[in-house]
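Here is the file coords_28.cif (mmCIF, C-alpha atoms; chains and numbers go by the auth columns).
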data_input
#
loop_
_atom_site.group_PDB
_atom_site.id
_atom_site.type_symbol
_atom_site.label_atom_id
_atom_site.label_comp_id
_atom_site.label_asym_id
_atom_site.label_seq_id
_atom_site.Cartn_x
_atom_site.Cartn_y
_atom_site.Cartn_z
_atom_site.B_iso_or_equiv
_atom_site.auth_seq_id
_atom_site.auth_asym_id
ATOM 1 C CA MET A 1 91.679 118.036 93.767 0.00 204 A
ATOM 2 C CA GLU A 2 91.256 118.541 97.511 0.00 205 A
ATOM 3 C CA HIS A 3 95.027 118.947 97.915 0.00 206 A
ATOM 4 C CA ILE A 4 95.152 121.618 95.198 0.00 207 A
ATOM 5 C CA LEU A 5 92.203 123.457 96.716 0.00 208 A
ATOM 6 C CA HIS A 6 93.658 123.278 100.229 0.00 209 A
ATOM 7 C CA SER A 7 97.075 124.490 99.063 0.00 210 A
ATOM 8 C CA THR A 8 95.533 127.391 97.141 0.00 211 A
ATOM 9 C CA ILE A 9 93.365 128.560 100.040 0.00 212 A
ATOM 10 C CA ILE A 10 96.046 128.183 102.719 0.00 213 A
ATOM 11 C CA SER A 11 98.593 130.027 100.558 0.00 214 A
ATOM 12 C CA HIS A 12 96.124 132.889 100.076 0.00 215 A
ATOM 13 C CA LEU A 13 95.322 133.063 103.808 0.00 216 A
ATOM 14 C CA GLU A 14 99.000 132.995 104.785 0.00 217 A
ATOM 15 C CA ASP A 15 100.104 135.472 102.090 0.00 218 A
ATOM 16 C CA HIS A 16 97.506 137.965 103.310 0.00 219 A
ATOM 17 C CA HIS A 17 98.185 137.322 107.022 0.00 220 A
ATOM 18 C CA ILE A 18 94.574 136.298 107.634 0.00 221 A
ATOM 19 C CA LEU A 19 95.333 133.338 109.905 0.00 222 A
ATOM 20 C CA SER A 20 96.326 133.879 113.506 0.00 223 A
ATOM 21 C CA ASP A 21 99.772 132.682 114.531 0.00 224 A
ATOM 22 C CA ALA A 22 97.938 130.536 117.092 0.00 225 A
ATOM 23 C CA GLN A 23 96.223 128.581 114.287 0.00 226 A
ATOM 24 C CA TYR A 24 97.911 125.197 114.048 0.00 227 A
ATOM 25 C CA GLY A 25 95.378 122.943 112.332 0.00 228 A
ATOM 26 C CA PHE A 26 95.932 122.175 108.650 0.00 229 A
ATOM 27 C CA ARG A 27 99.089 124.302 108.354 0.00 230 A
ATOM 28 C CA LYS A 28 102.585 123.349 107.208 0.00 231 A
ATOM 29 C CA LYS A 29 105.223 122.797 109.868 0.00 232 A
ATOM 30 C CA ARG A 30 102.581 122.857 112.620 0.00 233 A
ATOM 31 C CA SER A 31 101.086 119.915 114.413 0.00 234 A
ATOM 32 C CA CYS A 32 98.937 118.933 117.365 0.00 235 A
ATOM 33 C CA GLU A 33 102.145 118.145 119.221 0.00 236 A
ATOM 34 C CA ALA A 34 103.578 121.607 118.516 0.00 237 A
ATOM 35 C CA GLN A 35 100.335 123.209 119.720 0.00 238 A
ATOM 36 C CA LEU A 36 100.412 121.102 122.887 0.00 239 A
ATOM 37 C CA ILE A 37 104.048 122.052 123.572 0.00 240 A
ATOM 38 C CA ARG A 38 103.214 125.735 123.106 0.00 241 A
ATOM 39 C CA THR A 39 100.228 125.445 125.458 0.00 242 A
ATOM 40 C CA VAL A 40 102.210 123.636 128.164 0.00 243 A
ATOM 41 C CA HIS A 41 105.013 126.209 127.833 0.00 244 A
ATOM 42 C CA ASP A 42 102.541 129.103 128.211 0.00 245 A
ATOM 43 C CA LEU A 43 100.916 127.457 131.253 0.00 246 A
ATOM 44 C CA ALA A 44 104.271 126.764 132.929 0.00 247 A
ATOM 45 C CA LYS A 45 105.412 130.329 132.282 0.00 248 A
ATOM 46 C CA GLY A 46 102.197 131.691 133.793 0.00 249 A
ATOM 47 C CA LEU A 47 102.566 129.493 136.859 0.00 250 A
ATOM 48 C CA ASN A 48 106.213 130.476 137.328 0.00 251 A
ATOM 49 C CA GLU A 49 105.295 134.146 137.098 0.00 252 A
ATOM 50 C CA ARG A 50 102.295 133.631 139.417 0.00 253 A
ATOM 51 C CA GLN A 51 99.904 134.923 136.791 0.00 254 A
ATOM 52 C CA GLN A 52 96.219 134.152 136.700 0.00 255 A
ATOM 53 C CA ILE A 53 95.510 131.381 134.207 0.00 256 A
ATOM 54 C CA ASP A 54 92.097 131.022 132.609 0.00 257 A
ATOM 55 C CA ALA A 55 91.298 128.157 130.280 0.00 258 A
ATOM 56 C CA ILE A 56 88.376 127.398 128.022 0.00 259 A
ATOM 57 C CA LEU A 57 88.238 123.959 126.456 0.00 260 A
ATOM 58 C CA LEU A 58 86.131 123.412 123.358 0.00 261 A
ATOM 59 C CA ASP A 59 85.479 120.253 121.385 0.00 262 A
ATOM 60 C CA PHE A 60 84.941 120.938 117.711 0.00 263 A
ATOM 61 C CA SER A 61 84.622 117.327 116.633 0.00 264 A
ATOM 62 C CA LYS A 62 82.418 117.007 113.577 0.00 265 A
ATOM 63 C CA ALA A 63 82.342 120.808 113.371 0.00 266 A
ATOM 64 C CA PHE A 64 82.288 120.701 109.558 0.00 267 A
ATOM 65 C CA ASP A 65 79.009 118.769 109.665 0.00 268 A
ATOM 66 C CA VAL A 66 77.185 121.722 111.223 0.00 269 A
ATOM 67 C CA VAL A 67 78.821 124.678 109.447 0.00 270 A
ATOM 68 C CA PRO A 68 76.133 126.633 107.563 0.00 271 A
ATOM 69 C CA HIS A 69 77.298 126.446 103.944 0.00 272 A
ATOM 70 C CA LYS A 70 76.044 129.914 102.969 0.00 273 A
ATOM 71 C CA ARG A 71 77.906 131.459 105.905 0.00 274 A
ATOM 72 C CA LEU A 72 81.075 129.561 104.975 0.00 275 A
ATOM 73 C CA LEU A 73 80.855 130.770 101.375 0.00 276 A
ATOM 74 C CA HIS A 74 80.261 134.336 102.568 0.00 277 A
ATOM 75 C CA LYS A 75 83.333 134.205 104.833 0.00 278 A
ATOM 76 C CA LEU A 76 85.505 132.746 102.075 0.00 279 A
ATOM 77 C CA SER A 77 84.403 135.568 99.799 0.00 280 A
ATOM 78 C CA HIS A 78 85.029 138.134 102.548 0.00 281 A
ATOM 79 C CA TYR A 79 88.613 136.871 102.907 0.00 282 A
ATOM 80 C CA GLY A 80 89.279 137.118 99.187 0.00 283 A
ATOM 81 C CA ILE A 81 88.574 133.577 98.029 0.00 284 A
ATOM 82 C CA GLY A 82 86.606 134.019 94.829 0.00 285 A
ATOM 83 C CA GLY A 83 86.389 133.204 91.164 0.00 286 A
ATOM 84 C CA ASN A 84 86.657 129.577 90.113 0.00 287 A
ATOM 85 C CA THR A 85 87.790 128.461 93.572 0.00 288 A
ATOM 86 C CA LEU A 86 84.701 129.804 95.320 0.00 289 A
ATOM 87 C CA ALA A 87 82.442 128.565 92.519 0.00 290 A
ATOM 88 C CA TRP A 88 83.944 125.063 92.821 0.00 291 A
ATOM 89 C CA ILE A 89 83.416 125.010 96.604 0.00 292 A
ATOM 90 C CA GLU A 90 79.842 126.262 96.234 0.00 293 A
ATOM 91 C CA ASP A 91 79.138 123.593 93.632 0.00 294 A
ATOM 92 C CA PHE A 92 80.739 120.941 95.835 0.00 295 A
ATOM 93 C CA LEU A 93 78.512 121.924 98.790 0.00 296 A
ATOM 94 C CA SER A 94 75.279 122.217 96.794 0.00 297 A
ATOM 95 C CA ASN A 95 72.731 119.406 96.586 0.00 298 A
ATOM 96 C CA ARG A 96 75.014 116.908 98.303 0.00 299 A
ATOM 97 C CA SER A 97 73.920 113.614 99.759 0.00 300 A
ATOM 98 C CA GLN A 98 75.871 110.880 101.431 0.00 301 A
ATOM 99 C CA ARG A 99 75.306 107.164 101.499 0.00 302 A
ATOM 100 C CA VAL A 100 76.960 104.468 103.572 0.00 303 A
ATOM 101 C CA LEU A 101 77.053 100.872 102.431 0.00 304 A
ATOM 102 C CA LEU A 102 77.231 98.495 105.386 0.00 305 A
ATOM 103 C CA GLU A 103 77.039 94.754 104.922 0.00 306 A
ATOM 104 C CA GLY A 104 75.507 95.224 101.497 0.00 307 A
ATOM 105 C CA LYS A 105 72.737 97.530 102.743 0.00 308 A
ATOM 106 C CA SER A 106 72.534 101.192 101.869 0.00 309 A
ATOM 107 C CA HIS A 107 72.015 103.754 104.650 0.00 310 A
ATOM 108 C CA LEU A 108 71.388 107.447 103.984 0.00 311 A
#
So that I can check it, write out the structure of this file as structure tokens.
Amino acid sequence: MEHILHSTIISHLEDHHILSDAQYGFRKKRSCEAQLIRTVHDLAKGLNERQQIDAILLDFSKAFDVVPHKRLLHKLSHYGIGGNTLAWIEDFLSNRSQRVLLEGKSHL
């Protein structure tokens, strides 16, 4: 189900040119390695042309854990994701809990 949902959303975003060309994560024919090569190429070009180079490094690890669900749903709707797809995502995000079983003991 996740694969179908992902494919549907990505196709919509790409068909409507919503994603930046610099977006590499979770897209076909793009990888971390390709992003790294592009970044190194851009840096080398800037150095060769004696241009100023500014860099901002951000770590978005576990970013999904802190995304406000209502804001996410609003943005999806704004970008044209609606109907059953949006309803399914909203239902998936509503009243969720997670439990980890470690050595036979449950941890919330």
Students should find that atom CA of Trp291 of chain A and atom CA of Lys278 of chain A are spaced 15.1 Å
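Atom CA of Leu222 of chain A is found 21.8 Å from atom CA of Val243 of chain A.
Shortest atom-to-atom contact with Glu205 of chain A among A:Ile292, A:Leu305, A:Leu261, A:Ile284: A:Ile292, counting all atoms listed in the file.
Using only C-alpha atoms for every distance, the candidate list A:Leu239, A:Asp245, A:Glu217, A:Leu276 yields A:Leu276 as the residue closest to Leu289 of chain A.
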Spell out the residues picked by the PyMOL selection byres ((chain A and resi 296) around 12) here, as a VMD selection string. chain A and resid 267 to 268 270 to 276 289 to 295 297 to 301
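Atom to atom, atom CA of Ala225 of chain A and atom CA of Arg241 of chain A stand 9.3 Å apart.
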Option closest in space to Arg230 of chain A, from A:Ser214, A:Thr288, A:Ser309, A:Ser280 [counting only C-alpha atoms]: A:Ser214
Contacts of His219 of chain A at 10 Å or less, counting all atoms listed in the file, minus same-chain residues fewer than 4 places along, as a PyMOL selection string? chain A and resi 213-215+282-283
Non-local contacts of Gly228 of chain A (12 Å; all atoms listed in the file; under 3 positions in same chain excluded) as a PyMOL selection string: chain A and resi 213+222-225+231-239+263
Give the centre and edge lengths of an axis-aligned box, in Å to one decimal, that holds all listed atoms of segment 250-255 of chain A with 6 Å on each side, as JSON.
{"center_x": 101.2, "center_y": 132.2, "center_z": 138.1, "size_x": 22.0, "size_y": 17.4, "size_z": 14.7}
